[in-house]
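Trainee: Sharing run-v8.cif below, mmCIF, C-alpha atoms, pLDDT in the B column; chains and numbers go by the auth columns:
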```cif
data_coords
loop_
_atom_site.group_PDB
_atom_site.id
_atom_site.type_symbol
_atom_site.label_atom_id
_atom_site.label_comp_id
_atom_site.label_asym_id
_atom_site.label_seq_id
_atom_site.Cartn_x
_atom_site.Cartn_y
_atom_site.Cartn_z
_atom_site.B_iso_or_equiv
_atom_site.auth_seq_id
_atom_site.auth_asym_id
ATOM 1 C CA MET A 1 0.000 0.000 0.000 41.00 134 A
ATOM 2 C CA LEU A 2 1.218 3.522 -0.733 47.00 135 A
ATOM 3 C CA LYS A 3 1.591 4.692 2.854 43.00 136 A
ATOM 4 C CA TRP A 4 3.390 7.949 2.053 42.00 137 A
ATOM 5 C CA ILE A 5 0.101 9.610 1.154 46.00 138 A
ATOM 6 C CA HIS A 6 -1.143 11.737 4.055 43.00 139 A
ATOM 7 C CA LYS A 7 -4.462 13.536 3.930 43.00 140 A
ATOM 8 C CA LYS A 8 -6.142 16.341 5.757 42.00 141 A
ATOM 9 C CA GLU A 9 -9.198 15.444 7.793 39.00 142 A
ATOM 10 C CA ASN A 10 -11.809 16.391 5.172 42.00 143 A
ATOM 11 C CA GLU A 11 -9.978 15.130 2.063 50.00 144 A
ATOM 12 C CA ASP A 12 -10.563 11.876 0.245 64.00 145 A
ATOM 13 C CA SER A 13 -8.135 9.263 1.489 72.00 146 A
ATOM 14 C CA PHE A 14 -7.550 8.154 -2.074 84.00 147 A
ATOM 15 C CA SER A 15 -6.783 11.433 -3.823 90.00 148 A
ATOM 16 C CA ILE A 16 -3.251 12.454 -4.663 89.00 149 A
ATOM 17 C CA GLU A 17 -1.799 15.749 -5.774 85.00 150 A
ATOM 18 C CA ILE A 18 0.709 16.629 -8.441 77.00 151 A
ATOM 19 C CA PHE A 19 3.794 16.372 -6.236 82.00 152 A
ATOM 20 C CA GLN A 20 2.764 12.843 -5.209 87.00 153 A
ATOM 21 C CA LEU A 21 2.401 11.823 -8.849 83.00 154 A
ATOM 22 C CA GLU A 22 5.837 13.323 -9.520 82.00 155 A
ATOM 23 C CA ASN A 23 7.243 11.289 -6.600 86.00 156 A
ATOM 24 C CA LEU A 24 5.823 8.078 -8.054 86.00 157 A
ATOM 25 C CA ILE A 25 7.335 8.853 -11.443 84.00 158 A
ATOM 26 C CA ASN A 26 10.707 10.045 -10.115 85.00 159 A
ATOM 27 C CA ASN A 27 11.052 7.050 -7.787 89.00 160 A
ATOM 28 C CA LYS A 28 10.095 4.671 -10.604 88.00 161 A
ATOM 29 C CA ILE A 29 7.301 3.084 -8.588 88.00 162 A
ATOM 30 C CA PRO A 30 5.276 0.899 -10.971 90.00 163 A
ATOM 31 C CA PHE A 31 1.590 1.775 -11.302 91.00 164 A
ATOM 32 C CA LEU A 32 -1.219 1.591 -13.819 91.00 165 A
ATOM 33 C CA PHE A 33 -2.233 5.048 -15.039 90.00 166 A
ATOM 34 C CA PHE A 34 -5.538 5.660 -16.800 91.00 167 A
ATOM 35 C CA ASN A 35 -6.697 8.915 -18.419 89.00 168 A
ATOM 36 C CA LEU A 36 -10.494 9.211 -18.604 89.00 169 A
ATOM 37 C CA SER A 37 -10.255 12.401 -20.720 84.00 170 A
ATOM 38 C CA PRO A 38 -8.450 11.262 -23.877 70.00 171 A
ATOM 39 C CA HIS A 39 -9.075 14.563 -25.697 69.00 172 A
ATOM 40 C CA PHE A 40 -6.407 16.087 -23.439 64.00 173 A
ATOM 41 C CA LEU A 41 -3.743 13.952 -25.132 56.00 174 A
ATOM 42 C CA VAL A 42 -4.087 15.903 -28.376 49.00 175 A
ATOM 43 C CA LYS A 43 -2.824 19.317 -27.280 56.00 176 A
ATOM 44 C CA ASP A 44 0.663 20.245 -26.071 55.00 177 A
ATOM 45 C CA TYR A 45 0.383 21.517 -22.509 53.00 178 A
ATOM 46 C CA GLY A 46 4.041 21.930 -21.758 58.00 179 A
ATOM 47 C CA ASN A 47 6.788 19.488 -20.980 60.00 180 A
ATOM 48 C CA PHE A 48 5.609 18.080 -17.627 64.00 181 A
ATOM 49 C CA VAL A 49 1.882 17.868 -18.376 66.00 182 A
ATOM 50 C CA SER A 50 2.426 16.339 -21.811 68.00 183 A
ATOM 51 C CA SER A 51 4.896 13.792 -20.444 71.00 184 A
ATOM 52 C CA VAL A 52 2.464 12.814 -17.657 73.00 185 A
ATOM 53 C CA LEU A 53 -0.388 12.366 -20.118 73.00 186 A
ATOM 54 C CA LYS A 54 1.845 10.274 -22.395 74.00 187 A
ATOM 55 C CA LEU A 55 2.346 7.861 -19.485 74.00 188 A
ATOM 56 C CA SER A 56 -1.394 7.333 -19.183 77.00 189 A
ATOM 57 C CA GLN A 57 -3.622 5.041 -21.179 73.00 190 A
ATOM 58 C CA ALA A 58 -6.578 6.939 -22.697 73.00 191 A
ATOM 59 C CA VAL A 59 -9.659 4.904 -21.858 83.00 192 A
ATOM 60 C CA THR A 60 -13.313 4.942 -20.886 88.00 193 A
ATOM 61 C CA GLU A 61 -14.564 3.756 -17.501 90.00 194 A
ATOM 62 C CA GLN A 62 -15.695 0.502 -19.113 90.00 195 A
ATOM 63 C CA ASP A 63 -12.218 0.000 -20.600 90.00 196 A
ATOM 64 C CA VAL A 64 -10.641 0.434 -17.161 92.00 197 A
ATOM 65 C CA LYS A 65 -13.001 -2.086 -15.569 91.00 198 A
ATOM 66 C CA LYS A 66 -12.310 -4.582 -18.371 92.00 199 A
ATOM 67 C CA LYS A 67 -8.504 -4.103 -18.215 91.00 200 A
ATOM 68 C CA LEU A 68 -8.546 -4.650 -14.459 93.00 201 A
ATOM 69 C CA GLU A 69 -10.599 -7.870 -14.502 92.00 202 A
ATOM 70 C CA ASN A 70 -7.528 -10.078 -14.028 92.00 203 A
ATOM 71 C CA THR A 71 -5.262 -7.550 -12.305 93.00 204 A
ATOM 72 C CA ASP A 72 -3.775 -8.062 -8.854 95.00 205 A
ATOM 73 C CA LYS A 73 -5.990 -5.979 -6.552 95.00 206 A
ATOM 74 C CA SER A 74 -2.983 -4.633 -4.676 94.00 207 A
ATOM 75 C CA LYS A 75 -1.410 -3.126 -7.838 93.00 208 A
ATOM 76 C CA PRO A 76 -1.307 0.696 -7.577 92.00 209 A
ATOM 77 C CA ILE A 77 -3.788 2.365 -9.920 94.00 210 A
ATOM 78 C CA ILE A 78 -3.847 6.094 -10.652 92.00 211 A
ATOM 79 C CA LEU A 79 -6.813 7.669 -12.434 93.00 212 A
ATOM 80 C CA ILE A 80 -7.040 11.102 -13.987 90.00 213 A
ATOM 81 C CA CYS A 81 -9.834 12.971 -15.747 90.00 214 A
ATOM 82 C CA GLU A 82 -10.502 16.579 -16.670 86.00 215 A
ATOM 83 C CA LYS A 83 -11.516 17.926 -13.239 90.00 216 A
ATOM 84 C CA GLY A 84 -11.216 14.943 -10.904 90.00 217 A
ATOM 85 C CA SER A 85 -14.867 14.032 -10.391 92.00 218 A
ATOM 86 C CA GLN A 86 -15.097 11.167 -12.901 93.00 219 A
ATOM 87 C CA SER A 87 -11.830 9.614 -11.752 93.00 220 A
ATOM 88 C CA ARG A 88 -12.898 10.035 -8.104 94.00 221 A
ATOM 89 C CA SER A 89 -16.124 8.167 -8.776 94.00 222 A
ATOM 90 C CA LEU A 90 -14.324 5.343 -10.585 95.00 223 A
ATOM 91 C CA ALA A 91 -11.697 5.131 -7.817 94.00 224 A
ATOM 92 C CA GLN A 92 -14.494 4.711 -5.264 93.00 225 A
ATOM 93 C CA HIS A 93 -16.065 1.979 -7.389 94.00 226 A
ATOM 94 C CA LEU A 94 -12.760 0.128 -7.755 95.00 227 A
ATOM 95 C CA GLN A 95 -12.090 0.341 -4.034 93.00 228 A
ATOM 96 C CA LYS A 96 -15.498 -1.203 -3.356 93.00 229 A
ATOM 97 C CA LYS A 97 -14.451 -4.012 -5.729 94.00 230 A
ATOM 98 C CA GLY A 98 -11.359 -4.655 -3.576 95.00 231 A
ATOM 99 C CA PHE A 99 -8.630 -2.642 -5.332 95.00 232 A
ATOM 100 C CA ILE A 100 -6.751 -1.382 -2.288 93.00 233 A
ATOM 101 C CA ASN A 101 -4.245 0.974 -3.963 93.00 234 A
ATOM 102 C CA THR A 102 -6.548 3.020 -6.178 94.00 235 A
ATOM 103 C CA PHE A 103 -6.056 6.777 -6.314 94.00 236 A
ATOM 104 C CA PHE A 104 -7.147 9.726 -8.424 94.00 237 A
ATOM 105 C CA ILE A 105 -5.465 13.036 -9.199 90.00 238 A
ATOM 106 C CA LYS A 106 -7.169 15.717 -7.142 89.00 239 A
ATOM 107 C CA ASP A 107 -8.702 18.350 -9.457 88.00 240 A
ATOM 108 C CA GLY A 108 -7.681 16.291 -12.505 87.00 241 A
ATOM 109 C CA ILE A 109 -5.779 17.403 -15.574 82.00 242 A
ATOM 110 C CA MET A 110 -6.813 20.989 -14.944 81.00 243 A
ATOM 111 C CA SER A 111 -4.680 20.961 -11.781 76.00 244 A
ATOM 112 C CA LEU A 112 -1.672 19.856 -13.821 72.00 245 A
ATOM 113 C CA ILE A 113 -2.228 22.616 -16.344 72.00 246 A
ATOM 114 C CA GLU A 114 -2.742 25.283 -13.668 67.00 247 A
ATOM 115 C CA GLU A 115 0.224 24.118 -11.556 59.00 248 A
ATOM 116 C CA LYS A 116 2.684 24.142 -14.432 55.00 249 A
ATOM 117 C CA LYS A 117 1.723 27.521 -16.010 52.00 250 A
#
```
Just give me the structure of the file as structure tokens.

Mentor:
Amino acid sequence: MLKWIHKKENEDSFSIEIFQLENLINNKIPFLFFNLSPHFLVKDYGNFVSSVLKLSQAVTEQDVKKKLENTDKSKPIILICEKGSQSRSLAQHLQKKGFINTFFIKDGIMSLIEEKK
């Protein structure tokens, strides 16, 4: 389990922020990364944002569920969408299905774009 993630009292226990995603990438921690907003792959958003989105697999919610059918439920999964709400909902669903290391990027791709301006 990714124990380095600490949350404030009123935050989702399964949301992560940009610096935590950067830590995963920089420390070469293996994880599955799904982008629920594939239209964001088309545009160039700058070096960091574009490189993060290139790491992700552009998929629908149904695609994610299908790809995870035979996946080890302890494998870290990171979800991202435009604003965070769709990936949050899917992360909750996956956790209910037993995936114990499922996280979403708080505020989604928009947070990456805003942070790196």

Trainee: For a test of reading the model, state the distance in Å between CA of Met243 (chain A) and CA of Glu215 (chain A), rounded to one decimal.

Mentor: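 Answer for the CA of Met243 (chain A) to CA of Glu215 (chain A) separation: 6.0 Å.
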
Trainee: Could you write out as a list in words the residues that the PyMOL selection byres ((chain A and resi 147-161) around 8) matches in the shown file?

Mentor: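 That selection, the PyMOL selection byres ((chain A and resi 147-161) around 8), comes back as Ile138, Glu144, Asp145, Ser146, Ile162, Pro163, Arg221, Ala224, Thr235, Phe236, Phe237, Ile238, Lys239, Ser244 and Leu245 of chain A.
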
Trainee: What does the PyMOL selection byres ((chain A and resi 227) around 12) select in this file, as a PyMOL selection string?

Mentor: chain A and resi 147+194-195+197-199+201-202+204+206-212+220-226+228-237

Trainee: What does the distance from CA of Asn203 (chain A) to CA of Ser218 (chain A) come to in Å, to one decimal?

Mentor: 25.5 Å

Trainee: In Å to one decimal, how far is CA of Lys200 (chain A) from CA of Ile246 (chain A)?

Mentor: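 So the answer is 27.5 Å.
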